[in-house]
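*Asks:* One file: model-v2.txt (compact mmCIF, C-alpha atoms).
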# COMPACT_ATOMS: atom_id res chain seq x y z
CA MET A 1142 -45.03 -16.33 58.79
CA SER A 1143 -43.63 -12.85 58.79
CA ALA A 1144 -40.41 -14.09 60.38
CA VAL A 1145 -39.99 -16.61 57.63
CA THR A 1146 -40.67 -13.93 55.09
CA THR A 1147 -38.15 -11.61 56.71
CA THR A 1148 -35.54 -14.34 56.92
CA GLY A 1149 -36.14 -15.26 53.34
CA ALA A 1150 -35.69 -11.65 52.32
CA VAL A 1151 -32.42 -11.50 54.20
CA VAL A 1152 -31.24 -14.71 52.62
CA ALA A 1153 -32.27 -13.54 49.20
CA ALA A 1154 -30.52 -10.22 49.66
CA ALA A 1155 -27.29 -11.73 50.91
CA PRO A 1156 -25.92 -12.82 47.53
CA ALA A 1157 -26.50 -9.33 46.15
CA GLU A 1158 -24.41 -7.82 48.95
CA ASP A 1159 -21.65 -10.40 48.59
CA ALA A 1160 -21.48 -10.14 44.78
CA PRO A 1161 -18.13 -8.65 43.63
CA GLN A 1162 -18.34 -5.27 41.96
CA VAL A 1163 -17.29 -5.33 38.29
CA ARG A 1164 -14.60 -2.76 37.59
CA ARG A 1165 -15.26 -0.70 34.50
CA ARG A 1166 -12.56 -1.18 31.87
CA ARG A 1167 -10.79 1.95 30.77
CA ARG A 1168 -10.59 2.52 27.01
CA LEU A 1169 -7.04 3.21 25.84
CA SER A 1170 -7.56 3.18 22.09
CA PRO A 1171 -7.90 6.48 20.16
CA GLY A 1172 -11.53 5.67 19.43
CA ARG A 1173 -13.56 5.60 16.26
CA ARG A 1174 -12.11 7.34 13.21
CA LEU A 1175 -13.79 10.68 12.53
CA PRO A 1176 -15.03 11.38 8.98
CA ALA A 1177 -12.77 13.75 7.02
CA ALA A 1178 -10.60 14.19 10.12
CA ARG A 1179 -7.49 15.04 8.08
CA LEU A 1180 -9.19 18.14 6.70
CA ALA A 1181 -9.69 19.65 10.14
CA GLY A 1182 -6.15 21.03 10.36
CA PRO A 1183 -6.09 22.68 6.91
CA VAL A 1184 -9.57 24.13 7.47
CA LEU A 1185 -8.43 25.61 10.80
CA VAL A 1186 -5.35 27.17 9.18
CA LEU A 1187 -7.53 28.61 6.42
CA ALA A 1188 -9.97 30.05 8.97
CA LEU A 1189 -7.15 31.69 10.95
CA TRP A 1190 -5.65 33.07 7.74
CA ALA A 1191 -9.00 34.54 6.67
CA ALA A 1192 -9.67 36.00 10.12
CA ALA A 1193 -6.23 37.62 10.31
CA SER A 1194 -6.62 39.07 6.81
CA ALA A 1195 -10.08 40.45 7.56
CA ALA A 1196 -8.79 42.03 10.78
CA GLY A 1197 -5.91 43.70 8.92
CA ARG A 1198 -3.24 41.79 10.82
CA LEU A 1199 -1.47 40.61 7.64
CA ASP A 1200 0.31 42.74 5.05
CA PRO A 1201 -1.62 42.20 1.78
CA ALA A 1202 1.57 42.69 -0.25
CA ALA A 1203 3.34 39.87 1.60
CA ILE A 1204 0.44 37.52 2.45
CA PRO A 1205 -2.69 38.25 0.40
CA ALA A 1206 -6.09 37.29 1.75
CA PRO A 1207 -7.52 33.86 0.83
CA TRP A 1208 -10.18 35.43 -1.40
CA THR A 1209 -7.46 37.30 -3.30
CA VAL A 1210 -5.58 34.06 -3.87
CA VAL A 1211 -8.79 32.34 -5.04
CA ARG A 1212 -9.52 35.22 -7.44
CA THR A 1213 -5.98 35.03 -8.84
CA GLY A 1214 -6.23 31.26 -9.22
CA VAL A 1215 -9.50 31.55 -11.13
CA HIS A 1216 -7.94 34.16 -13.42
CA LEU A 1217 -4.88 31.98 -14.09
CA TRP A 1218 -7.13 29.01 -14.80
CA THR A 1219 -9.43 30.83 -17.20
CA ASP A 1220 -6.59 32.31 -19.23
CA GLY A 1221 -5.01 28.85 -19.65
CA THR A 1222 -1.80 29.45 -17.70
CA LEU A 1223 -2.56 27.27 -14.69
CA PRO A 1224 -3.91 24.19 -16.53
CA SER A 1225 -0.83 24.03 -18.76
CA ASP A 1226 1.59 24.40 -15.84
CA VAL A 1227 -0.31 21.84 -13.73
CA LEU A 1228 -0.23 19.27 -16.54
CA THR A 1229 3.51 19.75 -17.06
CA SER A 1230 4.21 19.36 -13.33
CA LEU A 1231 2.04 16.24 -13.10
CA GLN A 1232 3.90 14.64 -16.01
CA ARG A 1233 7.30 15.33 -14.46
CA ALA A 1234 6.26 14.09 -11.03
CA ALA A 1235 4.58 10.97 -12.42
CA SER A 1236 7.57 10.00 -14.58
CA GLY A 1237 10.10 10.41 -11.79
CA PHE A 1238 7.85 8.71 -9.26
CA ALA A 1239 7.27 5.67 -11.48
CA ILE A 1240 11.00 5.18 -12.09
CA GLY A 1241 11.84 5.65 -8.40
CA LEU A 1242 9.09 3.26 -7.30
CA VAL A 1243 10.26 0.43 -9.55
CA ALA A 1244 13.92 0.99 -8.68
CA GLY A 1245 13.27 1.15 -4.93
CA VAL A 1246 11.20 -2.05 -4.84
CA LEU A 1247 13.57 -4.08 -7.04
CA LEU A 1248 16.67 -2.98 -5.14
CA ALA A 1249 14.99 -3.70 -1.79
CA LEU A 1250 14.00 -7.21 -2.89
CA ALA A 1251 17.47 -7.94 -4.28
CA SER A 1252 19.13 -6.64 -1.12
CA GLY A 1253 16.67 -8.12 1.36
CA LEU A 1254 16.53 -11.64 -0.09
CA SER A 1255 20.19 -12.16 -0.90
CA ARG A 1256 23.36 -11.63 1.12
CA THR A 1257 25.26 -10.91 -2.09
CA GLY A 1258 22.67 -8.35 -3.11
CA GLU A 1259 22.81 -6.74 0.33
CA ALA A 1260 26.59 -6.48 0.16
CA LEU A 1261 26.46 -4.81 -3.25
CA ILE A 1262 23.38 -2.62 -2.85
CA ASP A 1263 22.78 -1.59 0.75
CA GLY A 1264 26.04 0.26 1.26
CA THR A 1265 25.69 2.04 -2.08
CA VAL A 1266 22.18 3.22 -1.26
CA SER A 1267 23.31 4.37 2.19
CA LEU A 1268 26.08 6.39 0.53
CA ASN A 1269 23.58 7.88 -1.90
CA ARG A 1270 21.31 8.72 1.03
CA ALA A 1271 24.13 10.53 2.82
CA ILE A 1272 24.70 12.81 -0.19
CA PRO A 1273 22.09 15.61 -0.42
CA THR A 1274 20.05 14.78 -3.50
CA LEU A 1275 19.64 18.40 -4.54
CA GLY A 1276 23.43 18.70 -4.37
CA LEU A 1277 23.60 16.29 -7.31
CA ILE A 1278 21.83 18.78 -9.59
CA PRO A 1279 25.00 20.41 -11.05
CA LEU A 1280 26.52 16.99 -11.81
CA PHE A 1281 23.32 15.68 -13.41
CA ILE A 1282 23.09 18.81 -15.56
CA LEU A 1283 26.58 18.06 -16.89
CA TRP A 1284 25.63 14.42 -17.52
CA LEU A 1285 22.08 14.72 -18.83
CA GLY A 1286 21.77 18.32 -19.95
CA ILE A 1287 19.42 20.93 -18.58
CA GLY A 1288 16.23 19.58 -20.15
CA GLU A 1289 13.54 17.29 -18.74
CA THR A 1290 15.75 14.21 -18.31
CA PHE A 1291 17.76 15.48 -15.37
CA LYS A 1292 14.60 16.70 -13.60
CA VAL A 1293 12.97 13.27 -13.87
CA ALA A 1294 16.21 11.59 -12.75
CA ILE A 1295 16.48 13.73 -9.61
CA ILE A 1296 12.84 13.08 -8.70
CA ALA A 1297 13.42 9.34 -9.18
CA ILE A 1298 16.37 9.46 -6.74
CA VAL A 1299 14.31 11.40 -4.19
CA VAL A 1300 11.56 8.75 -4.46
CA TYR A 1301 13.54 5.50 -4.53
CA ILE A 1302 15.57 6.11 -1.37
CA PRO A 1303 12.70 6.11 1.19
CA ILE A 1304 10.95 3.26 -0.64
CA TYR A 1305 14.12 1.17 -0.57
CA LEU A 1306 14.96 1.94 3.06
CA ASN A 1307 11.51 1.16 4.47
CA THR A 1308 10.91 -1.90 2.30
CA HIS A 1309 14.36 -3.29 3.09
CA ALA A 1310 13.82 -2.69 6.81
CA ALA A 1311 10.46 -4.50 6.64
CA LEU A 1312 12.08 -7.45 4.87
CA ALA A 1313 14.86 -7.61 7.46
CA GLY A 1314 12.23 -7.53 10.22
CA ILE A 1315 10.33 -10.62 9.04
CA ASP A 1316 10.36 -13.20 11.83
CA HIS A 1317 12.81 -15.99 11.01
CA ARG A 1318 10.31 -18.54 12.32
CA PHE A 1319 8.19 -17.89 9.25
CA VAL A 1320 11.21 -18.67 7.07
CA GLU A 1321 11.81 -21.91 8.95
CA LEU A 1322 8.14 -22.82 8.62
CA ALA A 1323 8.28 -22.20 4.86
CA GLU A 1324 11.34 -24.47 4.62
CA VAL A 1325 9.61 -27.20 6.61
CA GLN A 1326 6.52 -26.93 4.38
CA GLY A 1327 8.73 -27.18 1.32
CA LEU A 1328 7.57 -23.93 -0.29
CA SER A 1329 9.13 -22.94 -3.58
CA ARG A 1330 11.00 -19.67 -3.92
CA PHE A 1331 8.05 -18.08 -5.68
CA ALA A 1332 5.56 -19.31 -3.06
CA PHE A 1333 7.85 -18.11 -0.29
CA VAL A 1334 7.98 -14.62 -1.78
CA ARG A 1335 4.22 -14.53 -2.39
CA GLN A 1336 3.08 -15.91 0.97
CA ILE A 1337 5.78 -14.70 3.37
CA VAL A 1338 7.89 -11.93 1.89
CA ILE A 1339 5.24 -9.73 0.28
CA PRO A 1340 2.79 -9.68 3.25
CA GLY A 1341 5.68 -9.04 5.64
CA ALA A 1342 7.13 -6.20 3.55
CA LEU A 1343 3.88 -4.40 2.69
CA PRO A 1344 3.63 -2.27 5.88
CA GLY A 1345 7.13 -0.88 5.41
CA PHE A 1346 6.59 -0.49 1.68
CA PHE A 1347 3.56 1.72 2.21
CA VAL A 1348 5.47 3.91 4.67
CA GLY A 1349 8.19 4.38 2.07
CA LEU A 1350 5.58 4.97 -0.62
CA ARG A 1351 4.03 7.83 1.35
CA LEU A 1352 7.45 9.41 1.89
CA GLY A 1353 8.27 8.94 -1.79
CA VAL A 1354 5.04 10.61 -2.93
CA THR A 1355 5.75 13.60 -0.70
CA GLY A 1356 9.39 13.71 -1.81
CA SER A 1357 8.42 13.85 -5.48
CA TRP A 1358 6.48 17.07 -4.91
CA LEU A 1359 9.22 18.59 -2.75
CA GLY A 1360 11.84 17.90 -5.39
CA LEU A 1361 9.61 19.23 -8.12
CA VAL A 1362 9.30 22.63 -6.42
CA VAL A 1363 13.06 23.17 -6.67
CA LEU A 1364 13.67 21.54 -10.05
CA GLU A 1365 11.02 23.54 -11.87
CA GLN A 1366 12.85 26.74 -10.99
CA ILE A 1367 16.02 25.64 -12.82
CA ASN A 1368 15.97 26.59 -16.51
CA ALA A 1369 12.33 25.58 -16.89
CA THR A 1370 9.87 27.19 -19.28
CA SER A 1371 6.70 25.72 -17.82
CA GLY A 1372 5.37 24.12 -14.65
CA LEU A 1373 4.17 25.38 -11.29
CA GLY A 1374 7.69 26.07 -10.06
CA TYR A 1375 8.43 28.15 -13.16
CA MET A 1376 5.20 30.09 -12.62
CA MET A 1377 6.19 30.81 -9.01
CA PHE A 1378 9.73 31.83 -10.02
CA GLN A 1379 8.38 34.30 -12.57
CA ALA A 1380 5.93 35.68 -10.00
CA GLN A 1381 8.83 36.23 -7.59
CA ASN A 1382 10.59 38.41 -10.15
CA TYR A 1383 7.49 40.60 -10.45
CA GLY A 1384 6.59 40.59 -6.76
CA GLN A 1385 3.31 38.71 -7.30
CA SER A 1386 2.86 37.03 -3.93
CA ASP A 1387 -0.70 35.99 -4.77
CA VAL A 1388 0.55 33.93 -7.72
CA ILE A 1389 3.21 32.32 -5.51
CA LEU A 1390 0.54 31.37 -2.99
CA VAL A 1391 -1.60 29.89 -5.77
CA GLY A 1392 1.32 27.63 -6.71
CA LEU A 1393 1.92 26.64 -3.10
CA VAL A 1394 -1.77 25.84 -2.59
CA VAL A 1395 -1.81 23.66 -5.71
CA TYR A 1396 1.33 21.82 -4.55
CA GLY A 1397 -0.26 21.33 -1.12
CA VAL A 1398 -3.49 19.99 -2.60
CA PHE A 1399 -1.58 17.57 -4.82
CA GLY A 1400 0.48 16.37 -1.85
CA LEU A 1401 -2.55 15.91 0.39
CA VAL A 1402 -4.61 14.12 -2.26
CA SER A 1403 -1.79 11.76 -3.29
CA ASP A 1404 -0.94 10.94 0.33
CA SER A 1405 -4.60 10.30 1.12
CA ALA A 1406 -4.85 8.00 -1.92
CA VAL A 1407 -1.87 5.98 -0.71
CA ARG A 1408 -3.36 5.75 2.79
CA LEU A 1409 -6.67 4.56 1.34
CA VAL A 1410 -4.95 1.84 -0.69
CA GLU A 1411 -2.91 0.88 2.37
CA ARG A 1412 -6.03 0.43 4.50
CA ARG A 1413 -7.65 -1.70 1.81
CA VAL A 1414 -4.60 -3.89 1.17
CA LEU A 1415 -3.72 -4.28 4.87
CA SER A 1416 -7.31 -4.63 6.09
CA TRP A 1417 -6.34 -7.94 7.75
CA ARG A 1418 -4.18 -6.10 10.30
CA ARG A 1419 -5.62 -4.99 13.61
CA THR A 1420 -3.66 -1.86 14.50
CA LEU A 1421 -4.10 1.22 16.65
CA SER A 1422 -5.06 3.35 13.65
CA SER A 1423 -7.71 0.91 12.46
With the file now loaded, output its structure as structure tokens.
*Replies:*
Amino acid sequence: MSAVTTTGAVVAAAPAEDAPQVRRRRRLSPGRRLPAARLAGPVLVLALWAAASAAGRLDPAAIPAPWTVVRTGVHLWTDGTLPSDVLTSLQRAASGFAIGLVAGVLLALASGLSRTGEALIDGTVSLNRAIPTLGLIPLFILWLGIGETFKVAIIAIVVYIPIYLNTHAALAGIDHRFVELAEVQGLSRFAFVRQIVIPGALPGFFVGLRLGVTGSWLGLVVLEQINATSGLGYMMFQAQNYGQSDVILVGLVVYGVFGLVSDSAVRLVERRVLSWRRTLSS
């Protein structure tokens, strides 16, 4: 009886010994997205800045401490200087960005969906891209004067170029099999654009949109220091004349916050609109 039991135990144990060992799969993806992960870098820079200032490693005249900058910003806000300059800068950036966005999208569609449009538009935009945009400032001042119009026009140029380039590249990268399928299905031109062109171009469009948003703020920094009487750039230019580095840092911080917030807003919209994609970042 015991022999049978022993044999049975051996027989029962045999499959367990012969069973193949399952190899654990290695995870190659970045992992789950951390909450507020994009703020980690700025917070670290702020902490290092505060620590260096507290330790006396930074010259207060050149790089004031963070608490000095905050105190100056509060003072500028309470006396009405900062709100007025912020509103003026937002209006300039928004006007130029809106014009550049519309122009970039329309030119990309005309160039990407038509050989004639590509022949007329793509080379011209490439030439415009090769010319430094800020180098056009003297010519635009002669054409449009030194008021608000030329500032908005320069911002629009800075914005439309990356939007056009990335949207046009996305349109050119649409798989031709989708075009053939649309022709076989007998889709109209409008249905083809709505079902094939727009979904295929959206990833590149959002890349260009992020670059355009950033470019609008970069252009604004320079333009507001040219014969301006208001705006963050004008405030920083005046502070430079009086050696007020804390005021300059207040302007830079505000520009940085605007850039970070606008870029984060575009990324949020991008994730919502392109939620159907399964990518490495998602």
*Asks:* Could you build a table of the residues in segment 1279-1392 of chain A lying no more than 7 Å from segment 1220-1237 of chain A, giving for each the nearest pair of atoms and their separation in Å rounded to one decimal place, using all atoms listed in the file, ordered by chain and ascending residue number, as CSV?
*Replies:*
residue,atom,partner,partner_atom,distance
A:Val1293,CA,A:Gly1237,CA,4.6
A:Ala1294,CA,A:Gly1237,CA,6.3
A:Ile1296,CA,A:Gly1237,CA,4.9
A:Ala1297,CA,A:Gly1237,CA,4.4
A:Ser1357,CA,A:Ala1234,CA,6.0
A:Trp1358,CA,A:Ala1234,CA,6.8
A:Leu1361,CA,A:Ala1234,CA,6.8
A:Ser1371,CA,A:Asp1226,CA,5.6
A:Gly1372,CA,A:Asp1226,CA,4.0
A:Leu1373,CA,A:Asp1226,CA,5.3
*Asks:* Select, from A:Trp1190, A:Trp1218, A:Phe1319, A:Tyr1396, the residue with the minimum atom-to-atom distance to Val1334 of chain A, counting all atoms listed in the file.
*Replies:* A:Phe1319
*Asks:* Using only C-alpha atoms, which residues sit within 12 Å of Ala1251 of chain A once same-chain residues fewer than 3 positions away are excluded, as a PDB file with C-alpha atoms, keeping the file's coordinate frame?
*Replies:*
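Okay, this is what ended up in part12.pdb:
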ATOM      1  CA  ALA A1244      13.920   0.990  -8.680  1.00  0.00           C
ATOM      2  CA  GLY A1245      13.270   1.150  -4.930  1.00  0.00           C
ATOM      3  CA  VAL A1246      11.200  -2.050  -4.840  1.00  0.00           C
ATOM      4  CA  LEU A1247      13.570  -4.080  -7.040  1.00  0.00           C
ATOM      5  CA  LEU A1248      16.670  -2.980  -5.140  1.00  0.00           C
ATOM      6  CA  LEU A1254      16.530 -11.640  -0.090  1.00  0.00           C
ATOM      7  CA  SER A1255      20.190 -12.160  -0.900  1.00  0.00           C
ATOM      8  CA  ARG A1256      23.360 -11.630   1.120  1.00  0.00           C
ATOM      9  CA  THR A1257      25.260 -10.910  -2.090  1.00  0.00           C
ATOM     10  CA  GLY A1258      22.670  -8.350  -3.110  1.00  0.00           C
ATOM     11  CA  GLU A1259      22.810  -6.740   0.330  1.00  0.00           C
ATOM     12  CA  ALA A1260      26.590  -6.480   0.160  1.00  0.00           C
ATOM     13  CA  LEU A1261      26.460  -4.810  -3.250  1.00  0.00           C
ATOM     14  CA  ILE A1262      23.380  -2.620  -2.850  1.00  0.00           C
ATOM     15  CA  ASP A1263      22.780  -1.590   0.750  1.00  0.00           C
ATOM     16  CA  TYR A1305      14.120   1.170  -0.570  1.00  0.00           C
ATOM     17  CA  THR A1308      10.910  -1.900   2.300  1.00  0.00           C
ATOM     18  CA  HIS A1309      14.360  -3.290   3.090  1.00  0.00           C
ATOM     19  CA  LEU A1312      12.080  -7.450   4.870  1.00  0.00           C
ATOM     20  CA  VAL A1334       7.980 -14.620  -1.780  1.00  0.00           C
TER      21      VAL A1334
END
*Asks:* Rounded to one decimal in Å, what is the spacing between atom CA of Ser1386 of chain A and atom CA of Ala1203 of chain A?
*Replies:*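 Answer for the atom CA of Ser1386 of chain A to atom CA of Ala1203 of chain A separation: 6.2 Å.
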*Asks:* Calculate how many Å separate atom CA of Val1414 of chain A from atom CA of Arg1270 of chain A, rounding to one decimal.
*Replies:* 28.8 Å
*Asks:* Within 12 Å of (12.1, 26.7, -10.3) (file coordinates; all atoms listed in the file), which protein or nucleic acid residues are there? I'd like them as an mmCIF file with C-alpha atoms, in the coordinates of the input.
*Replies:*
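Contents of the output file point-v1.cif:
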data_model
loop_
_atom_site.group_PDB
_atom_site.id
_atom_site.type_symbol
_atom_site.label_atom_id
_atom_site.label_comp_id
_atom_site.auth_asym_id
_atom_site.auth_seq_id
_atom_site.Cartn_x
_atom_site.Cartn_y
_atom_site.Cartn_z
ATOM 1 C CA SER A 1230 4.210 19.360 -13.330
ATOM 2 C CA LYS A 1292 14.600 16.700 -13.600
ATOM 3 C CA LEU A 1359 9.220 18.590 -2.750
ATOM 4 C CA GLY A 1360 11.840 17.900 -5.390
ATOM 5 C CA LEU A 1361 9.610 19.230 -8.120
ATOM 6 C CA VAL A 1362 9.300 22.630 -6.420
ATOM 7 C CA VAL A 1363 13.060 23.170 -6.670
ATOM 8 C CA LEU A 1364 13.670 21.540 -10.050
ATOM 9 C CA GLU A 1365 11.020 23.540 -11.870
ATOM 10 C CA GLN A 1366 12.850 26.740 -10.990
ATOM 11 C CA ILE A 1367 16.020 25.640 -12.820
ATOM 12 C CA ASN A 1368 15.970 26.590 -16.510
ATOM 13 C CA ALA A 1369 12.330 25.580 -16.890
ATOM 14 C CA THR A 1370 9.870 27.190 -19.280
ATOM 15 C CA SER A 1371 6.700 25.720 -17.820
ATOM 16 C CA GLY A 1372 5.370 24.120 -14.650
ATOM 17 C CA LEU A 1373 4.170 25.380 -11.290
ATOM 18 C CA GLY A 1374 7.690 26.070 -10.060
ATOM 19 C CA TYR A 1375 8.430 28.150 -13.160
ATOM 20 C CA MET A 1376 5.200 30.090 -12.620
ATOM 21 C CA MET A 1377 6.190 30.810 -9.010
ATOM 22 C CA PHE A 1378 9.730 31.830 -10.020
ATOM 23 C CA GLN A 1379 8.380 34.300 -12.570
ATOM 24 C CA ALA A 1380 5.930 35.680 -10.000
ATOM 25 C CA GLN A 1381 8.830 36.230 -7.590
ATOM 26 C CA ASN A 1382 10.590 38.410 -10.150
ATOM 27 C CA ILE A 1389 3.210 32.320 -5.510
ATOM 28 C CA GLY A 1392 1.320 27.630 -6.710
#
*Asks:* Determine the nearest neighbour of Val1407 of chain A from the options A:Leu1285, A:Leu1393, A:Ile1278, A:Leu1352, counting only C-alpha atoms.
*Replies:* A:Leu1352
*Asks:* Excluding Pro1273 of chain A and any residue of its chain fewer than 2 positions from it, enumerate the residues within 12 Å of it, using only C-alpha atoms, and give them as a list in words.
*Replies:* Ser1267, Leu1268, Asn1269, Arg1270, Ala1271, Leu1275, Gly1276, Leu1277, Ile1278, Ile1295, Ile1298, Val1299, Ile1302 and Gly1360 of chain A
*Asks:* With all atoms listed in the file as the atoms that count, which of A:Val1320, A:Leu1250, A:Leu1189, A:Ile1272 lies nearest to Ala1332 of chain A?
*Replies:* A:Val1320
*Asks:* Quick one, how far is atom CA of Ala1311 of chain A from atom CA of Val1402 of chain A?
*Replies:*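 Interatomic distance, atom CA of Ala1311 of chain A to atom CA of Val1402 of chain A: 25.6 Å.
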*Asks:* Measuring between only C-alpha atoms, which one of A:Arg1418, A:Val1184, A:Asp1387, A:Arg1412 shows the shortest distance to Asp1200 of chain A?
*Replies:*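 Once distances to Asp1200 of chain A are computed over only C-alpha atoms, the minimum belongs to A:Asp1387.
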*Asks:* Which one is closest to Phe1347 of chain A: A:Ser1405, A:Thr1290, A:Thr1213, A:Gln1385? Count all atoms listed in the file.
*Replies:*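 Among A:Ser1405, A:Thr1290, A:Thr1213, A:Gln1385, it is A:Ser1405 that comes nearest to Phe1347 of chain A.
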